[in-house]
Amino acid sequence: MAPVDPGNAALVEHYRNLFRILRALQVTRWDPEFTMSIPPILAHGQAPNVHIDMWYCFANATCPAPTKETRYLHGPTPRFRMVVDFGLRVSSGGYLITAVKQPKGDHHAGRPLPWESADLTVATGDRVIVAAAPGQQERLPVAVAAAERAAAATDRYSTLLGAPRPPRYIVYLAGDREWRTWNGGSPGANYAGYAYSASSHQYEVVVRTSARNDLTALLRHEFGHVVTSHGTTRAGAEIYDVNQWLTEGIAEYIEAGGRPATAGPTIAAARQYLRASPRMRTLGLEPLPRNATATQVAAFYGISHLAVDCMARRFGERNLFAFFATVVRESQGPFPASERAYGQDWEDVQRACITDIYRAVGL
């Protein structure tokens, strides 16, 4: 609290609240860095604004300081980065923070982060941290229990991928107002939750509490994204994800926990879409548009789940995850991945699975 202007009661309260939230989220590093080494030259009495990079980690026991490589090349250590603009004034002891401002331009995309914008209430379990927005606190006991069940079901997929297990799964419970604003806005009205990249190496989950869903199943799906993306850099995936069919299909597969795709709730939408559309020529469906309807979303998820389920049945779960790791985690594409994981040409795999998909929906 020492750098905070003690005469600004609202700012002092903001930082006290932020301290409480960050401690509850188990922050393990907090490194502010000036982005320029020379202070701005100002007219007499003018207060400067400074641009600061903030490096930090949550729930990570081994979180080293940022290096040149991780600052600019996004190295392999799990670490967060965000940019903050501060208003300052000069005092007898140095600079004091007088304001915190959202930066404009590219640095503002995906903000505010949930912990920046709300008076969160935080609860923890063995494998999860769940933070509730104002008005959602009473949901915490149920949400923690559901998240623990989902974590137990999804942890094993890290082993299949040969990837590090997330230190903890972090979940934010959003009311409708937070759903519209957190992380730059929700993915759309037809979603009940999403996993997002808080940095190149950390994925967190936001749940819309007003959506009527099986919370454990929803979190298994979203934790599936966390497990399969943890430790990776997927630059541009938020803009246009050519592998969305595979990332959503594998998350649906993890959510199903061994149940066949034909038993899932999206099978009817998949059947309706396939009946009304020209015959599929590739498993790689076009990514969903942001304004996709509920039926389009359900059909996309259902077909993607059927595609992944087909590969699991034909080649085994371990080979399926080897294929996924090559395509998504190593960005090598399905053709080399199919040869490596399945020992077959990708065109042959697609042809067989497309036939299986139409058979599964009764077409």
# chains A, B, ... in the order shown; residues from 1 in each chain; ligands from 1
call {"tool": "residues_around", "arguments": {"residues": "Ile170 in chain A", "least_positions_apart": "4", "cutoff": "7 Å", "atoms": "only C-alpha atoms", "output": "list in words"}}
result
Val128, Ile129, Val130, Glu204 and Val205 of chain A
call {"tool": "select_by_dssp", "arguments": {"residues": "range 217-301 of chain A", "states": "alpha helix (DSSP H)", "output": "number ranges by chain"}}
result
A: 217-229, 244-256, 267-276, 294-301
call {"tool": "atom_distance", "arguments": {"atom1": "CA of Val308 in chain A", "atom2": "CA of Leu246 in chain A"}}
result
7.1 Å
call {"tool": "closest_residue", "arguments": {"among": "A:Ala24, A:Leu18, A:Ala299, A:Ile254", "to": "Arg156 in chain A", "atoms": "only C-alpha atoms"}}
result
A:Ile254
call {"tool": "select_by_dssp", "arguments": {"residues": "range 111-328 of chain A", "states": "strand (DSSP E)", "output": "ChimeraX atom specification"}}
result
/A:121-124,128-132,169-174,193-199,202-208
call {"tool": "closest_residue", "arguments": {"among": "A:Pro289, A:Pro336, A:Gly362, A:Pro32", "to": "Phe324 in chain A", "atoms": "only C-alpha atoms"}}
result
A:Pro336
call {"tool": "atom_distance", "arguments": {"atom1": "CA of Ile303 in chain A", "atom2": "CA of Gly249 in chain A"}}
result
7.9 Å
call {"tool": "residues_around", "arguments": {"residues": "Tyr358 in chain A", "least_positions_apart": "5", "cutoff": "9 Å", "atoms": "only C-alpha atoms", "output": "compact mmCIF listing (two decimals) with N, CA, C and O atoms, in the first residue's frame"}}
result
# COMPACT_ATOMS: atom_id res chain seq x y z
N ARG A 271 -27.85 -34.19 -36.30
CA ARG A 271 -28.64 -34.89 -37.32
C ARG A 271 -29.39 -33.89 -38.20
O ARG A 271 -29.41 -34.02 -39.43
N LEU A 274 -26.89 -32.14 -40.59
CA LEU A 274 -26.37 -33.01 -41.64
C LEU A 274 -27.44 -33.35 -42.67
O LEU A 274 -27.15 -33.46 -43.87
N CYS A 353 -14.33 -41.78 -41.04
CA CYS A 353 -15.08 -41.16 -39.93
C CYS A 353 -16.30 -40.41 -40.42
O CYS A 353 -17.32 -40.36 -39.71
N LEU A 363 -28.32 -41.48 -40.99
CA LEU A 363 -28.48 -40.95 -42.35
C LEU A 363 -27.65 -41.75 -43.35
O LEU A 363 -26.64 -42.33 -42.99
call {"tool": "closest_residue", "arguments": {"among": "A:Ala268, A:Met280, A:Leu285, A:Ala198", "to": "Pro112 in chain A", "atoms": "only C-alpha atoms"}}
result
A:Ala198
call {"tool": "atom_distance", "arguments": {"atom1": "CA of Gln136 in chain A", "atom2": "CA of Ala123 in chain A"}}
result
12.1 Å
call {"tool": "closest_residue", "arguments": {"among": "A:Pro334, A:Pro141, A:Gly188, A:Gly162", "to": "Thr293 in chain A", "atoms": "only C-alpha atoms"}}
result
A:Gly188
call {"tool": "closest_residue", "arguments": {"among": "A:Glu13, A:Asp241, A:Asp176, A:Glu252", "to": "Met1 in chain A", "atoms": "only C-alpha atoms"}}
result
A:Glu13
call {"tool": "residues_around", "arguments": {"residues": "Ala118 in chain A", "least_positions_apart": "3", "cutoff": "12 Å", "atoms": "only C-alpha atoms", "output": "CSV table (one decimal) with N, CA, C and O atoms, in the first residue's frame"}}
result
chain,number,residue,atom,x,y,z
A,14,HIS,N,-9.8,0.4,-3.1
A,14,HIS,CA,-9.6,-0.4,-4.3
A,14,HIS,C,-8.4,-1.3,-4.1
A,14,HIS,O,-8.4,-2.5,-4.4
A,17,ASN,N,-8.9,-4.0,-1.4
A,17,ASN,CA,-9.7,-5.1,-2.0
A,17,ASN,C,-8.9,-6.0,-3.0
A,17,ASN,O,-9.0,-7.2,-3.0
A,18,LEU,N,-8.1,-5.3,-3.8
A,18,LEU,CA,-7.3,-6.1,-4.8
A,18,LEU,C,-6.3,-7.0,-4.0
A,18,LEU,O,-6.1,-8.1,-4.4
A,20,ARG,N,-6.7,-8.3,-1.1
A,20,ARG,CA,-7.4,-9.5,-0.6
A,20,ARG,C,-7.8,-10.5,-1.6
A,20,ARG,O,-7.6,-11.7,-1.4
A,21,ILE,N,-8.2,-10.0,-2.8
A,21,ILE,CA,-8.6,-11.0,-3.9
A,21,ILE,C,-7.3,-11.7,-4.4
A,21,ILE,O,-7.4,-12.9,-4.6
A,112,PRO,N,-11.9,-5.9,-18.8
A,112,PRO,CA,-11.1,-6.2,-17.6
A,112,PRO,C,-11.1,-7.7,-17.3
A,112,PRO,O,-12.0,-8.4,-17.7
A,113,LEU,N,-10.0,-8.1,-16.7
A,113,LEU,CA,-10.0,-9.4,-16.2
A,113,LEU,C,-10.9,-9.6,-15.0
A,113,LEU,O,-11.2,-8.6,-14.3
A,114,PRO,N,-11.5,-10.7,-14.7
A,114,PRO,CA,-12.5,-10.8,-13.7
A,114,PRO,C,-12.0,-10.3,-12.3
A,114,PRO,O,-12.8,-9.6,-11.7
A,115,TRP,N,-10.8,-10.5,-11.9
A,115,TRP,CA,-10.3,-10.1,-10.6
A,115,TRP,C,-10.0,-8.5,-10.6
A,115,TRP,O,-9.9,-8.0,-9.6
A,121,THR,N,-15.7,-12.9,-4.1
A,121,THR,CA,-15.6,-13.7,-2.9
A,121,THR,C,-15.0,-15.0,-3.4
A,121,THR,O,-15.5,-15.6,-4.4
A,122,VAL,N,-14.0,-15.5,-2.7
A,122,VAL,CA,-13.2,-16.6,-3.2
A,122,VAL,C,-13.3,-17.8,-2.2
A,122,VAL,O,-13.2,-17.6,-1.0
A,131,ALA,N,-14.1,-18.2,-7.7
A,131,ALA,CA,-14.3,-16.8,-7.3
A,131,ALA,C,-15.7,-16.3,-7.8
A,131,ALA,O,-16.0,-16.5,-9.0
A,132,ALA,N,-16.5,-15.8,-6.9
A,132,ALA,CA,-17.9,-15.4,-7.3
A,132,ALA,C,-18.0,-13.9,-7.3
A,132,ALA,O,-17.5,-13.1,-6.5
A,133,ALA,N,-18.6,-13.4,-8.4
A,133,ALA,CA,-19.0,-11.9,-8.5
A,133,ALA,C,-20.0,-11.6,-7.4
A,133,ALA,O,-20.6,-12.4,-6.8
A,134,PRO,N,-20.1,-10.3,-7.2
A,134,PRO,CA,-21.2,-9.8,-6.2
A,134,PRO,C,-22.5,-10.4,-6.6
A,134,PRO,O,-22.9,-10.4,-7.8
A,135,GLY,N,-23.3,-10.9,-5.6
A,135,GLY,CA,-24.6,-11.5,-5.9
A,135,GLY,C,-24.5,-13.0,-6.2
A,135,GLY,O,-25.6,-13.6,-6.2
A,136,GLN,N,-23.3,-13.5,-6.3
A,136,GLN,CA,-23.2,-15.0,-6.7
A,136,GLN,C,-22.6,-15.8,-5.6
A,136,GLN,O,-22.3,-17.0,-5.7
A,172,TYR,N,-14.4,-18.5,-12.4
A,172,TYR,CA,-15.1,-17.3,-12.0
A,172,TYR,C,-16.6,-17.5,-12.3
A,172,TYR,O,-17.0,-17.8,-13.4
A,173,LEU,N,-17.4,-17.2,-11.3
A,173,LEU,CA,-18.9,-17.2,-11.4
A,173,LEU,C,-19.3,-15.8,-11.8
A,173,LEU,O,-19.2,-14.9,-11.0
A,174,ALA,N,-19.9,-15.7,-12.9
A,174,ALA,CA,-20.3,-14.4,-13.4
A,174,ALA,C,-21.9,-14.2,-13.4
A,174,ALA,O,-22.6,-15.1,-13.8
A,175,GLY,N,-22.3,-13.1,-12.9
A,175,GLY,CA,-23.7,-12.7,-13.1
A,175,GLY,C,-23.8,-12.2,-14.5
A,175,GLY,O,-22.9,-12.1,-15.3
A,177,ARG,N,-24.3,-9.2,-15.7
A,177,ARG,CA,-23.5,-8.0,-16.0
A,177,ARG,C,-22.0,-8.4,-16.2
A,177,ARG,O,-21.4,-7.9,-17.2
A,178,GLU,N,-21.5,-9.2,-15.4
A,178,GLU,CA,-20.1,-9.6,-15.5
A,178,GLU,C,-19.9,-10.4,-16.8
A,178,GLU,O,-18.9,-10.3,-17.5
A,179,TRP,N,-20.8,-11.2,-17.1
A,179,TRP,CA,-20.8,-12.0,-18.4
A,179,TRP,C,-20.6,-11.2,-19.6
A,179,TRP,O,-19.9,-11.5,-20.5
A,181,THR,N,-19.2,-8.2,-19.7
A,181,THR,CA,-18.0,-7.3,-19.6
A,181,THR,C,-16.7,-8.0,-19.4
A,181,THR,O,-15.7,-7.5,-19.9
A,182,TRP,N,-16.6,-9.0,-18.6
A,182,TRP,CA,-15.3,-9.6,-18.3
A,182,TRP,C,-14.6,-10.1,-19.6
A,182,TRP,O,-15.3,-10.6,-20.5
